[in-house]
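What follows is target_15.cif (mmCIF, C-alpha atoms).
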data_query
#
loop_
_atom_site.label_atom_id
_atom_site.label_comp_id
_atom_site.auth_asym_id
_atom_site.auth_seq_id
_atom_site.Cartn_x
_atom_site.Cartn_y
_atom_site.Cartn_z
CA MET L 25 12.21 8.83 10.83
CA THR L 26 12.08 8.13 14.56
CA GLY L 27 9.58 6.98 17.14
CA TRP L 28 8.60 3.74 15.38
CA LEU L 29 8.71 1.94 18.74
CA SER L 30 7.50 4.66 21.12
CA GLY L 31 5.73 3.13 24.10
CA LYS L 32 6.92 -0.40 23.33
CA SER L 33 8.98 -2.57 25.68
CA VAL L 34 11.51 -5.01 24.31
CA ARG L 35 13.48 -7.93 25.70
CA VAL L 36 16.62 -8.77 23.75
CA GLU L 37 18.26 -12.12 24.42
CA GLY L 38 21.83 -12.27 23.12
CA ALA L 39 24.01 -9.36 22.07
CA SER L 40 23.79 -7.12 19.03
CA PRO L 41 24.90 -3.52 19.61
CA ALA L 42 23.42 -2.41 16.26
CA ILE L 43 20.00 -3.87 17.03
CA MET L 44 19.90 -2.55 20.61
CA SER L 45 20.93 0.89 19.40
CA ALA L 46 18.29 0.99 16.65
CA LEU L 47 15.51 -0.26 18.95
CA THR L 48 16.22 2.28 21.68
CA SER L 49 16.72 5.18 19.27
CA GLN L 50 13.28 4.37 17.82
CA GLY L 51 11.83 4.74 21.32
CA ALA L 52 11.65 1.17 22.64
CA THR L 53 12.29 0.53 26.34
CA PRO L 54 14.56 -2.46 27.05
CA VAL L 55 13.47 -4.75 29.89
CA ALA L 56 15.53 -7.54 31.43
CA GLU L 57 12.62 -9.83 32.25
CA GLY L 58 8.85 -10.05 32.57
CA ASP L 59 6.11 -8.81 30.27
CA CYS L 60 7.08 -6.99 27.09
CA ASP L 61 5.73 -6.19 23.62
CA ILE L 62 8.71 -7.42 21.62
CA TRP L 63 11.05 -10.35 22.04
CA VAL L 64 14.28 -10.47 20.03
CA HIS L 65 16.63 -13.45 20.08
CA VAL L 66 20.13 -12.96 18.72
CA ALA L 67 22.07 -16.20 18.31
CA GLN L 68 25.85 -15.93 18.39
CA PRO L 69 27.39 -17.69 15.39
CA PRO L 70 29.00 -21.03 16.29
CA VAL L 71 32.66 -21.68 15.54
CA VAL L 72 33.03 -23.27 12.09
CA LYS L 73 34.32 -26.85 12.15
CA PRO L 74 34.12 -29.65 9.58
CA ALA L 75 31.06 -31.81 10.27
CA HIS L 76 33.09 -34.95 10.99
CA GLU L 77 35.14 -33.11 13.61
CA LEU L 78 32.20 -31.71 15.59
CA SER L 79 31.88 -33.32 18.99
CA HIS L 80 28.40 -34.23 20.07
CA ALA L 81 28.61 -31.56 22.77
CA GLU L 82 29.53 -28.90 20.19
CA TRP L 83 26.73 -30.03 17.88
CA ARG L 84 24.23 -29.92 20.74
CA ALA L 85 25.44 -26.49 21.86
CA SER L 86 24.87 -25.05 18.38
CA LEU L 87 21.39 -26.50 18.06
CA ASP L 88 20.54 -25.45 21.60
CA ALA L 89 21.57 -21.84 20.98
CA GLY L 90 20.41 -21.55 17.38
CA LEU L 91 17.13 -23.44 17.58
CA ASP L 92 15.90 -24.86 20.89
CA ARG L 93 16.38 -21.66 22.87
CA CYS L 94 14.61 -19.70 20.10
CA PHE L 95 11.57 -21.95 20.22
CA LEU L 96 11.36 -22.13 24.00
CA GLY L 97 11.83 -18.38 24.40
CA ALA L 98 9.20 -17.62 21.77
CA GLN L 99 6.82 -20.04 23.43
CA ASP L 100 7.25 -18.31 26.80
CA PHE L 101 6.82 -14.89 25.21
CA ALA L 102 3.68 -15.93 23.32
CA ASN L 103 2.18 -17.37 26.48
CA GLN L 104 2.84 -14.09 28.29
CA CYS L 105 1.16 -12.21 25.44
CA ARG L 106 -1.93 -14.41 25.62
CA THR L 107 -2.11 -14.07 29.41
CA ARG L 108 -2.03 -10.28 29.03
CA GLY L 109 -4.51 -10.41 26.17
CA GLN L 110 -2.04 -8.53 23.97
CA GLY L 111 -0.39 -9.15 20.64
CA GLY L 112 3.36 -9.15 20.30
CA THR L 113 6.31 -9.52 17.99
CA VAL L 114 9.08 -12.11 17.85
CA LEU L 115 12.28 -11.61 15.87
CA PHE L 116 14.96 -14.27 15.47
CA VAL L 117 18.40 -13.10 14.34
CA GLY L 118 21.19 -15.44 13.36
CA ALA L 119 23.69 -16.44 10.68
CA PRO L 120 22.60 -17.65 7.21
CA GLU L 121 22.00 -21.35 6.56
CA GLN L 122 25.04 -22.01 4.38
CA ALA L 123 27.54 -19.50 5.79
CA LEU L 124 29.08 -21.65 8.52
CA GLY L 125 29.14 -25.36 9.39
CA ALA L 126 26.63 -28.21 9.27
CA ASP L 127 25.42 -27.39 12.77
CA GLN L 128 24.43 -23.90 11.65
CA ALA L 129 22.89 -25.26 8.42
CA ALA L 130 20.63 -27.47 10.47
CA ALA L 131 19.79 -24.85 13.08
CA ALA L 132 19.12 -21.99 10.64
CA GLY L 133 17.08 -24.14 8.27
CA ALA L 134 14.97 -25.37 11.16
CA LEU L 135 14.62 -21.84 12.52
CA GLY L 136 13.49 -20.51 9.14
CA ASN L 137 10.69 -23.02 8.79
CA LEU L 138 9.81 -22.59 12.47
CA THR L 139 9.44 -18.86 11.76
CA LYS L 140 6.99 -19.57 8.92
CA THR L 141 5.08 -22.04 11.06
CA LEU L 142 4.75 -19.90 14.18
CA GLY L 143 3.95 -16.82 12.10
CA VAL L 144 0.85 -18.60 10.82
CA GLU L 145 0.04 -20.56 13.98
CA TRP L 146 -0.03 -17.43 16.15
CA ALA L 147 -1.30 -14.94 13.55
CA ARG L 148 -4.80 -14.72 15.00
CA ASP L 149 -3.30 -14.10 18.44
CA GLY L 150 -1.80 -10.94 16.99
CA ILE L 151 1.70 -12.34 17.45
CA ARG L 152 4.06 -11.88 14.51
CA VAL L 153 7.21 -13.96 13.99
CA ASN L 154 10.04 -13.08 11.58
CA SER L 155 13.73 -13.93 11.06
CA ILE L 156 16.83 -12.20 9.78
CA LEU L 157 19.56 -14.66 8.80
CA THR L 158 22.69 -12.67 7.98
CA CYS L 159 26.38 -12.08 8.71
CA GLU L 160 25.75 -8.32 8.64
CA THR L 161 26.17 -6.63 12.02
CA GLY L 162 25.90 -2.94 11.11
CA GLU L 163 23.26 -0.22 11.05
CA THR L 164 21.16 -1.77 8.29
CA LEU L 165 20.64 -4.85 10.46
CA GLY L 166 19.57 -2.62 13.35
CA ASN L 167 17.17 -0.60 11.22
CA LEU L 168 15.69 -3.69 9.58
CA ALA L 169 15.14 -5.25 13.01
CA ALA L 170 13.48 -2.05 14.27
CA TYR L 171 11.16 -2.01 11.25
CA LEU L 172 10.18 -5.67 11.61
CA VAL L 173 9.20 -5.36 15.28
CA SER L 174 7.33 -2.08 14.69
CA ASP L 175 3.67 -1.64 13.79
CA TYR L 176 4.74 -0.43 10.34
CA ALA L 177 5.46 -4.11 9.64
CA ALA L 178 2.06 -5.25 10.93
CA TYR L 179 1.44 -7.15 7.69
CA VAL L 180 4.84 -8.89 7.71
CA THR L 181 4.81 -12.26 9.46
CA GLY L 182 6.44 -15.60 8.75
CA ALA L 183 9.08 -13.78 6.69
CA VAL L 184 12.68 -15.02 6.59
CA MET L 185 15.15 -12.63 5.05
CA GLY L 186 18.82 -11.76 4.87
CA VAL L 187 20.54 -8.42 4.41
CA ASP L 188 23.20 -8.77 1.75
CA ILE L 189 23.77 -10.90 -1.34
CA ASP L 190 25.84 -13.48 0.51
CA ASP L 191 23.05 -14.25 3.00
CA MET D 7 0.34 -0.19 -5.99
CA GLY D 8 2.76 2.01 -7.91
CA LEU D 9 0.86 5.04 -6.66
CA ALA D 10 1.31 3.87 -3.07
CA MET D 11 5.04 3.42 -3.70
CA ALA D 12 5.26 6.86 -5.28
CA LYS D 13 3.38 8.53 -2.44
CA ALA D 14 5.71 6.96 0.11
CA PHE D 15 8.75 8.16 -1.86
CA ALA D 16 7.16 11.63 -1.95
CA GLN D 17 6.52 11.52 1.81
CA GLY D 18 10.27 10.98 2.16
CA GLY D 19 10.89 14.09 0.05
CA ALA D 20 11.69 12.57 -3.35
CA ARG D 21 10.81 14.16 -6.67
CA VAL D 22 8.76 11.59 -8.59
CA ALA D 23 8.51 10.78 -12.29
CA VAL D 24 5.48 8.59 -13.08
CA MET D 25 5.76 6.35 -16.14
CA GLY D 26 2.65 4.68 -17.51
CA ARG D 27 1.41 3.41 -20.84
CA ASN D 28 -1.59 5.74 -20.61
CA LEU D 29 -0.46 9.35 -20.23
CA GLU D 30 -3.74 10.53 -18.72
CA ARG D 31 -3.55 7.96 -15.95
CA ALA D 32 0.11 8.83 -15.34
CA GLN D 33 -0.85 12.50 -15.14
CA ASP D 34 -3.66 11.72 -12.73
CA GLY D 35 -1.22 9.79 -10.52
CA ALA D 36 1.39 12.54 -10.74
CA ALA D 37 -1.17 15.15 -9.67
CA ARG D 38 -2.08 13.10 -6.61
CA ILE D 39 1.58 12.74 -5.70
CA ALA D 40 2.24 16.46 -6.29
CA ALA D 41 -0.47 17.18 -3.72
CA LEU D 42 2.03 15.92 -1.12
CA GLY D 43 4.23 18.89 -1.98
CA VAL D 44 6.90 17.41 -4.24
CA GLN D 45 7.83 18.02 -7.86
CA THR D 46 6.44 15.39 -10.24
CA HIS D 47 6.39 14.62 -13.95
CA ALA D 48 4.19 12.20 -15.91
CA ILE D 49 5.51 10.28 -18.92
CA SER D 50 3.88 7.87 -21.34
CA CYS D 51 6.05 4.79 -21.85
CA ASP D 52 5.70 1.17 -22.93
CA VAL D 53 8.29 -0.53 -20.70
CA ARG D 54 8.62 -3.43 -23.19
CA GLN D 55 10.38 -1.15 -25.70
CA PRO D 56 14.03 -0.33 -24.89
CA ASP D 57 14.04 2.85 -26.99
CA ALA D 58 10.89 4.08 -25.28
CA VAL D 59 12.42 3.35 -21.87
CA ALA D 60 15.59 5.29 -22.74
CA ALA D 61 13.51 8.21 -24.03
CA ALA D 62 11.39 8.20 -20.87
CA PHE D 63 14.52 8.33 -18.68
CA ASP D 64 15.85 11.21 -20.82
CA GLU D 65 12.62 13.11 -20.29
CA ALA D 66 12.47 12.37 -16.57
CA GLU D 67 16.07 13.48 -16.01
CA LYS D 68 15.52 16.63 -18.08
CA GLU D 69 12.50 17.59 -15.96
CA LEU D 70 13.55 16.41 -12.50
CA GLY D 71 17.32 15.87 -12.59
CA PRO D 72 19.24 12.60 -12.19
CA ILE D 73 17.16 9.57 -11.21
CA HIS D 74 18.58 8.05 -8.00
CA LEU D 75 15.92 5.44 -7.21
CA LEU D 76 13.75 3.16 -9.35
CA ALA D 77 10.51 1.36 -8.46
CA ASN D 78 9.44 -1.32 -10.94
CA ASN D 79 5.72 -1.77 -10.57
CA ALA D 80 4.45 -2.12 -14.16
CA GLY D 81 2.39 -5.27 -14.44
CA ALA D 82 -0.96 -6.69 -15.36
CA ASN D 83 -2.82 -9.60 -13.86
CA PHE D 84 -6.20 -11.25 -14.30
CA PRO D 85 -7.56 -14.70 -13.40
CA VAL D 86 -7.79 -17.01 -16.43
CA LEU D 87 -7.54 -20.75 -17.02
CA ALA D 88 -4.16 -21.69 -18.47
CA GLU D 89 -5.73 -23.24 -21.57
CA ASP D 90 -7.57 -19.98 -22.25
CA ILE D 91 -4.51 -17.71 -22.13
CA SER D 92 -4.03 -16.28 -25.61
CA ALA D 93 -0.56 -15.59 -26.96
CA ASN D 94 -1.34 -11.89 -26.69
CA ALA D 95 -2.40 -12.17 -23.06
CA TRP D 96 0.67 -14.27 -22.22
CA ASN D 97 2.96 -11.78 -23.94
CA ALA D 98 1.32 -8.78 -22.30
CA VAL D 99 1.53 -10.06 -18.73
CA THR D 100 4.98 -11.64 -18.92
CA ARG D 101 6.71 -8.99 -21.02
CA ILE D 102 5.46 -6.00 -19.06
CA ALA D 103 6.68 -7.50 -15.79
CA ILE D 104 9.79 -9.41 -16.93
CA ASP D 105 11.11 -7.40 -19.87
CA GLY D 106 9.87 -4.14 -18.36
CA THR D 107 11.63 -4.72 -15.04
CA PHE D 108 14.83 -5.74 -16.82
CA LEU D 109 14.85 -2.92 -19.38
CA CYS D 110 14.06 -0.18 -16.85
CA SER D 111 16.61 -1.56 -14.37
CA ALA D 112 19.39 -1.81 -16.97
CA GLU D 113 18.67 1.68 -18.33
CA PHE D 114 18.66 3.08 -14.79
CA VAL D 115 21.92 1.37 -13.87
CA ARG D 116 23.78 2.44 -17.04
CA ARG D 117 22.96 6.03 -16.08
CA ARG D 118 24.00 5.51 -12.45
CA ILE D 119 27.31 3.99 -13.52
CA ALA D 120 27.89 6.88 -15.92
CA CYS D 121 27.38 9.30 -12.99
CA GLY D 122 29.75 7.24 -10.86
CA GLU D 123 27.05 6.99 -8.20
CA GLY D 124 25.11 4.18 -6.56
CA GLY D 125 21.36 3.85 -6.37
CA ALA D 126 18.51 1.57 -5.33
CA ILE D 127 15.83 -0.43 -7.12
CA ILE D 128 12.69 -1.92 -5.59
CA ASN D 129 10.60 -4.47 -7.49
CA ASN D 130 6.95 -5.30 -6.87
CA SER D 131 6.79 -9.09 -6.87
CA ALA D 132 4.06 -11.32 -5.42
CA GLN D 133 3.45 -13.74 -2.54
CA TYR D 134 2.66 -16.64 -4.92
CA ILE D 135 6.15 -16.81 -6.46
CA TRP D 136 7.16 -19.89 -4.46
CA THR D 137 3.98 -21.92 -4.85
CA GLY D 138 2.70 -21.23 -8.34
CA PHE D 139 -0.71 -19.66 -8.83
CA PRO D 140 -3.11 -22.11 -10.53
CA GLY D 141 -5.64 -20.05 -12.45
CA ASP D 142 -3.11 -17.26 -13.00
CA ALA D 143 -0.21 -18.94 -14.81
CA HIS D 144 1.03 -15.89 -16.70
CA SER D 145 1.43 -13.84 -13.55
CA ALA D 146 2.95 -16.76 -11.63
CA ALA D 147 5.72 -16.98 -14.23
CA ALA D 148 6.20 -13.23 -14.49
CA LYS D 149 6.41 -12.46 -10.79
CA THR D 150 8.90 -15.25 -10.06
CA ALA D 151 11.14 -14.00 -12.86
CA GLN D 152 11.21 -10.60 -11.18
CA ALA D 153 12.27 -12.15 -7.87
CA THR D 154 15.02 -14.35 -9.30
CA MET D 155 16.27 -11.44 -11.40
CA THR D 156 16.36 -9.30 -8.25
CA LYS D 157 18.95 -11.58 -6.68
CA LYS D 158 21.11 -11.85 -9.78
CA LEU D 159 21.04 -8.13 -10.58
CA ALA D 160 21.90 -7.34 -6.96
CA ALA D 161 24.96 -9.56 -7.23
CA GLU D 162 26.04 -8.08 -10.57
CA TRP D 163 25.53 -4.46 -9.55
CA ALA D 164 26.77 -4.53 -5.95
CA PHE D 165 30.15 -3.46 -7.32
CA TYR D 166 28.58 -0.19 -8.52
CA GLY D 167 26.79 0.51 -5.26
CA ILE D 168 23.41 -0.33 -6.78
CA ARG D 169 21.02 -2.15 -4.44
CA VAL D 170 18.19 -4.30 -5.80
CA ASN D 171 15.42 -5.71 -3.59
CA ALA D 172 11.87 -6.95 -4.06
CA ILE D 173 8.69 -7.25 -2.05
CA ALA D 174 6.67 -10.43 -2.46
CA ALA D 175 3.42 -8.61 -1.89
CA GLY D 176 0.23 -10.16 -0.61
CA PHE D 177 -3.20 -8.72 -1.32
CA PHE D 178 -3.43 -4.95 -0.88
CA PRO D 179 -6.86 -3.90 -2.15
CA HIS D 180 -6.83 -0.68 -4.18
CA GLU D 181 -8.92 1.10 -6.77
CA THR D 182 -7.83 -1.07 -9.69
CA SER D 183 -7.29 -4.47 -8.04
CA THR D 184 -9.27 -7.33 -9.55
CA ALA D 185 -10.65 -9.12 -6.50
CA GLY D 186 -11.77 -6.06 -4.56
CA GLN D 187 -14.18 -5.11 -7.32
CA ARG D 188 -16.30 -8.24 -7.07
CA ASP D 189 -19.61 -8.70 -5.32
CA GLY D 190 -18.99 -8.83 -1.61
CA GLY D 191 -15.82 -6.78 -1.97
CA ILE D 192 -12.82 -7.90 0.03
CA GLU D 193 -14.79 -9.36 2.93
CA PRO D 194 -14.54 -13.01 1.78
CA LEU D 195 -10.76 -12.61 1.47
CA GLN D 196 -10.16 -11.54 5.05
CA ASN D 197 -10.84 -14.97 6.53
CA MET D 198 -8.43 -16.70 4.15
CA ILE D 199 -5.46 -14.79 5.49
CA PRO D 200 -3.75 -15.83 8.76
CA ALA D 201 -3.43 -12.18 9.82
CA GLY D 202 -7.22 -11.92 9.53
CA ARG D 203 -7.15 -9.01 7.10
CA THR D 204 -5.92 -7.85 3.74
CA GLY D 205 -3.01 -5.42 3.67
CA SER D 206 -3.22 -1.66 3.75
CA ILE D 207 -1.73 -0.19 0.60
CA TRP D 208 0.25 2.22 2.80
CA GLU D 209 2.07 -0.68 4.43
CA PHE D 210 3.28 -1.74 1.00
CA GLY D 211 4.29 1.79 0.03
CA TRP D 212 6.21 2.43 3.23
CA LEU D 213 8.27 -0.75 2.97
CA SER D 214 9.06 -0.09 -0.71
CA ALA D 215 10.36 3.40 -0.12
CA MET D 216 12.07 2.63 3.16
CA ILE D 217 14.23 -0.14 1.66
CA CYS D 218 15.55 2.45 -0.81
CA THR D 219 16.72 4.86 1.91
CA PRO D 220 20.27 4.96 3.32
CA MET D 221 18.85 3.45 6.52
CA PHE D 222 18.95 0.16 4.58
CA GLY D 223 22.20 0.94 2.80
CA ALA D 224 23.64 -2.56 3.24
CA MET D 225 20.52 -4.39 2.13
CA THR D 226 20.48 -5.96 -1.33
CA GLY D 227 19.37 -9.09 -3.14
CA GLN D 228 16.44 -9.65 -0.76
CA VAL D 229 12.90 -10.72 -1.52
CA ILE D 230 10.75 -9.75 1.47
CA VAL D 231 7.36 -11.37 1.81
CA GLN D 232 4.65 -9.00 3.10
CA ASP D 233 1.41 -10.93 3.00
CA GLY D 234 0.00 -11.45 6.50
CA GLY D 235 1.07 -15.11 6.27
CA GLU D 236 -1.17 -15.76 3.25
CA SER D 237 1.38 -17.73 1.23
CA LEU D 238 2.15 -19.95 4.23
CA ARG D 239 -1.36 -21.01 5.21
CA ARG D 240 -1.11 -24.47 3.67
CA SER D 241 -0.89 -27.31 6.18
CA LEU D 242 -1.75 -30.99 6.34
CA MET D 243 -5.30 -30.03 7.26
CA MET D 244 -6.77 -28.35 4.21
CA PRO D 245 -10.17 -27.92 2.62
CA ASP D 246 -10.76 -30.06 -0.48
CA PHE D 247 -8.81 -28.91 -3.52
CA VAL D 248 -10.94 -27.03 -6.03
CA PRO D 249 -9.41 -27.00 -9.54
CA PRO D 250 -9.28 -23.53 -11.13
CA ARG D 251 -11.73 -24.80 -13.78
CA GLU D 252 -14.38 -25.16 -11.08
CA ARG D 253 -13.66 -21.74 -9.61
CA ALA D 254 -15.46 -19.54 -12.09
CA ASP D 255 -16.92 -17.37 -9.35
CA GLY D 256 -15.63 -16.11 -6.03
CA PRO D 257 -13.05 -13.54 -5.11
CA TRP D 258 -10.42 -14.82 -7.54
CA GLY D 259 -12.67 -16.52 -10.12
CA TRP D 260 -11.89 -16.36 -13.80
CA GLN D 261 -15.40 -15.74 -15.16
#
Mind turning the file's structure into structure tokens?
Amino acid sequence: MTGWLSGKSVRVEGASPAIMSALTSQGATPVAEGDCDIWVHVAQPPVVKPAHELSHAEWRASLDAGLDRCFLGAQDFANQCRTRGQGGTVLFVGAPEQALGADQAAAAGALGNLTKTLGVEWARDGIRVNSILTCETGETLGNLAAYLVSDYAAYVTGAVMGVDIDD
Amino acid sequence: MGLAMAKAFAQGGARVAVMGRNLERAQDGAARIAALGVQTHAISCDVRQPDAVAAAFDEAEKELGPIHLLANNAGANFPVLAEDISANAWNAVTRIAIDGTFLCSAEFVRRRIACGEGGAIINNSAQYIWTGFPGDAHSAAAKTAQATMTKKLAAEWAFYGIRVNAIAAGFFPHETSTAGQRDGGIEPLQNMIPAGRTGSIWEFGWLSAMICTPMFGAMTGQVIVQDGGESLRRSLMMPDFVPPRERADGPWGWQ
């Protein structure tokens, strides 16, 4: 069960050792910048604080990392795909809606519906958009990510999923 | 769709027992799966009857050994106006999918627990479980029950190492699907779907079997939509609403 991503280039923004390991072992080539077939955004979970104790700067930082950066990065990637005349795949990875604080609830909820929206809006461009919202960081997360960005998942778009029962 | 699931399990090397109400059709399916080089066994079973389910598992385990994985695919579906659904039709569609999924899952898990081993279940749900399906009320109810059950059973059985997931499947034309058999075939359906095409039955089979492998050993309680964006196509700009009553013809008409 290897070679799902042979010949594909991938740009991963944010760190997830499990995802990077699964993508490369399936044959994807990581690139730091420029054109690529796959764009993965991994948002680091914000520190949990009660809503009434979040400073505006902390709130903004969470929404910037968990939502704004996802949208702007996907937009850049999709524009590159259209310029090249190629399809592509976007995958957003982050924490579940209710697992952390109100900042994450807002960001993940927005990201989920953004996923559904962009998945449909860009479908005829051959660009798929999916999300994994989970606290899992292990091999299953990596393998699920590798599946979703592969051509085996060509009919999966606009899908928001978790990994375990707490997601 | 069950055949596609079974073929994908066979591609991964699994021995496959095929349960169906009609033994001849189960045997036909089993023969096609056996052609992939794995051991198979066909069993006649009405999944609405707990005794029949237990007997079918006995027979399957006698022929093939312990059952490690379960795919719940049994279901029926046909377009019909809600006011025209007979009690028999309602019972057939809902009980095959809801009772059948529950009874087979519970029987499977009792045996897994008795072995002291984990296992995995995959359920075939549908892309219309979040929106309803006007003109197909029995299936709308049945398929959502499977998805909500998936999450609860996953939570209850996580302790035993049993994983339960579902696919909210879009339209994957196959030999026995309703819409593909109509005049014009599947062509009129392609344009309705954001992806611009219906699904390939292989794509459904692969995902079903893959979720059950150890590669996805931490995954449970998930309902994954695989529909080319079909269930999400609604927006503020929509064609005029056509009530099911006025949709006698067309790819999903009731007449």
Considering all atoms listed in the file, return as a PDB file with C-alpha atoms, in the frame of the given file whatever protein or nucleic-acid residues lie within 6 Å of stretch 110-124 of chain L, sequence-local ones (same chain, fewer than 6 positions apart) excluded.
ATOM      1  CA  ASP L  61       5.730  -6.190  23.620  1.00  0.00           C
ATOM      2  CA  ILE L  62       8.710  -7.420  21.620  1.00  0.00           C
ATOM      3  CA  TRP L  63      11.050 -10.350  22.040  1.00  0.00           C
ATOM      4  CA  VAL L  64      14.280 -10.470  20.030  1.00  0.00           C
ATOM      5  CA  HIS L  65      16.630 -13.450  20.080  1.00  0.00           C
ATOM      6  CA  VAL L  66      20.130 -12.960  18.720  1.00  0.00           C
ATOM      7  CA  ALA L  67      22.070 -16.200  18.310  1.00  0.00           C
ATOM      8  CA  VAL L  72      33.030 -23.270  12.090  1.00  0.00           C
ATOM      9  CA  ALA L 132      19.120 -21.990  10.640  1.00  0.00           C
ATOM     10  CA  GLY L 133      17.080 -24.140   8.270  1.00  0.00           C
ATOM     11  CA  GLY L 150      -1.800 -10.940  16.990  1.00  0.00           C
ATOM     12  CA  ILE L 151       1.700 -12.340  17.450  1.00  0.00           C
ATOM     13  CA  ARG L 152       4.060 -11.880  14.510  1.00  0.00           C
ATOM     14  CA  VAL L 153       7.210 -13.960  13.990  1.00  0.00           C
ATOM     15  CA  ASN L 154      10.040 -13.080  11.580  1.00  0.00           C
ATOM     16  CA  SER L 155      13.730 -13.930  11.060  1.00  0.00           C
ATOM     17  CA  ILE L 156      16.830 -12.200   9.780  1.00  0.00           C
ATOM     18  CA  LEU L 157      19.560 -14.660   8.800  1.00  0.00           C
ATOM     19  CA  THR L 158      22.690 -12.670   7.980  1.00  0.00           C
ATOM     20  CA  CYS L 159      26.380 -12.080   8.710  1.00  0.00           C
ATOM     21  CA  VAL L 173       9.200  -5.360  15.280  1.00  0.00           C
ATOM     22  CA  ASP L 191      23.050 -14.250   3.000  1.00  0.00           C
TER      23      ASP L 191
END
Can you list, as a tab-separated table (two decimals) with C-alpha atoms, keeping the file's coordinate frame, every protein, DNA or RNA residue that comes within 9 Å of D:Trp96 when you count all atoms listed in the file, leaving out same-chain residues fewer than 3 positions away?
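As a result, result.tsv now contains:
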chain	number	residue	atom	x	y	z
D	91	ILE	CA	-4.51	-17.71	-22.13
D	92	SER	CA	-4.03	-16.28	-25.61
D	93	ALA	CA	-0.56	-15.59	-26.96
D	99	VAL	CA	1.53	-10.06	-18.73
D	100	THR	CA	4.98	-11.64	-18.92
D	101	ARG	CA	6.71	-8.99	-21.02
D	143	ALA	CA	-0.21	-18.94	-14.81
D	144	HIS	CA	1.03	-15.89	-16.70
D	145	SER	CA	1.43	-13.84	-13.55
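We find atom CA of L:Trp28 and atom CA of L:Tyr171 to be spaced 7.5 Å apart.
Run against this file, the PyMOL selection byres ((chain L) within 7 of (chain D)) gives back Lys140, Gly143, Val144, Ala147, Arg148, Thr164, Asn167, Tyr176, Tyr179, Val180, Thr181, Gly182, Ala183, Met185, Gly186, Val187, Asp188 and Ile189 of chain L.
Within the file as shown, the PyMOL selection byres ((chain L and resi 27) around 6) identifies Thr26, Trp28, Leu29, Ser30, Gln50 and Gly51 of chain L.
Between atom CA of D:Asp57 and atom CA of D:Asn129 the separation is 21.1 Å.
Of the residues listed (D:Met198, D:Ala40, D:Ala147, D:Leu159), D:Ala40 shows the shortest atom-to-atom separation from D:Val24; distances use all atoms listed in the file.
For the residues L:Cys94, L:Leu168, L:Leu87, L:Val71, ranking by smallest atom-to-atom distance to L:Ala46 using all atoms listed in the file places L:Leu168 first.
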For this session: Determine the residue membership of the PyMOL selection byres ((chain D and resi 14) around 6) for the file above and supply it as a ChimeraX atom specification.
Result: /D:11-13,15-17,211-212,215
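The closest residue to L:His80, picked from L:Asp149, L:Asp127, L:Asp100, L:Asp92 and counting all atoms listed in the file, is L:Asp127.
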Exercise. Counting all atoms listed in the file, what is within 7 Å of D:Gly141, bar same-chain residues fewer than 2 positions away, as a ChimeraX atom specification?
Worked result: /D:85-88,139,143,250
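In terms of minimum interatomic distance to L:Ala131, L:Ser86 ranks closest within L:Thr107, L:Gln99, L:Thr161, L:Ser86, counting all atoms listed in the file.
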Which polymer residues, whether protein, DNA or RNA, lie within 8 Å of the coordinate (5.8, -16.8, -3.7) when you count only C-alpha atoms? List them as a PDB file with C-alpha atoms, keeping the file's coordinate frame, using the chain letters and numbers from the file.
ATOM      1  CA  ALA D 132       4.060 -11.320  -5.420  1.00  0.00           C
ATOM      2  CA  GLN D 133       3.450 -13.740  -2.540  1.00  0.00           C
ATOM      3  CA  TYR D 134       2.660 -16.640  -4.920  1.00  0.00           C
ATOM      4  CA  ILE D 135       6.150 -16.810  -6.460  1.00  0.00           C
ATOM      5  CA  TRP D 136       7.160 -19.890  -4.460  1.00  0.00           C
ATOM      6  CA  THR D 137       3.980 -21.920  -4.850  1.00  0.00           C
ATOM      7  CA  GLY D 138       2.700 -21.230  -8.340  1.00  0.00           C
ATOM      8  CA  THR D 150       8.900 -15.250 -10.060  1.00  0.00           C
ATOM      9  CA  ALA D 174       6.670 -10.430  -2.460  1.00  0.00           C
ATOM     10  CA  VAL D 231       7.360 -11.370   1.810  1.00  0.00           C
ATOM     11  CA  SER D 237       1.380 -17.730   1.230  1.00  0.00           C
TER      12      SER D 237
END
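Reported to one decimal place, the separation of atom CA of L:Lys32 from atom CA of L:Leu96 is 22.2 Å.
All residues of protein, DNA or RNA that reach within 12 Å of D:Arg54, judged by all atoms listed in the file and not counting those fewer than 5 positions away in the chain, are Gly26, Arg27, Val59, Ala60, Ala80, Gly81, Asn97, Ala98, Val99, Thr100, Arg101, Ile102, Ala103, Ile104, Asp105, Gly106, Thr107, Phe108, Leu109 and Cys110 of chain D.
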Enclose stretch 242-255 of chain D, meaning all of its atoms listed in the file, in a box aligned along x, y and z, pad it by 5 Å on each side, and list the centre and edge lengths in Å to one decimal, as AutoDock Vina command-line options.
--center_x -9.3 --center_y -24.2 --center_z -3.3 --size_x 25.2 --size_y 23.6 --size_z 31.0
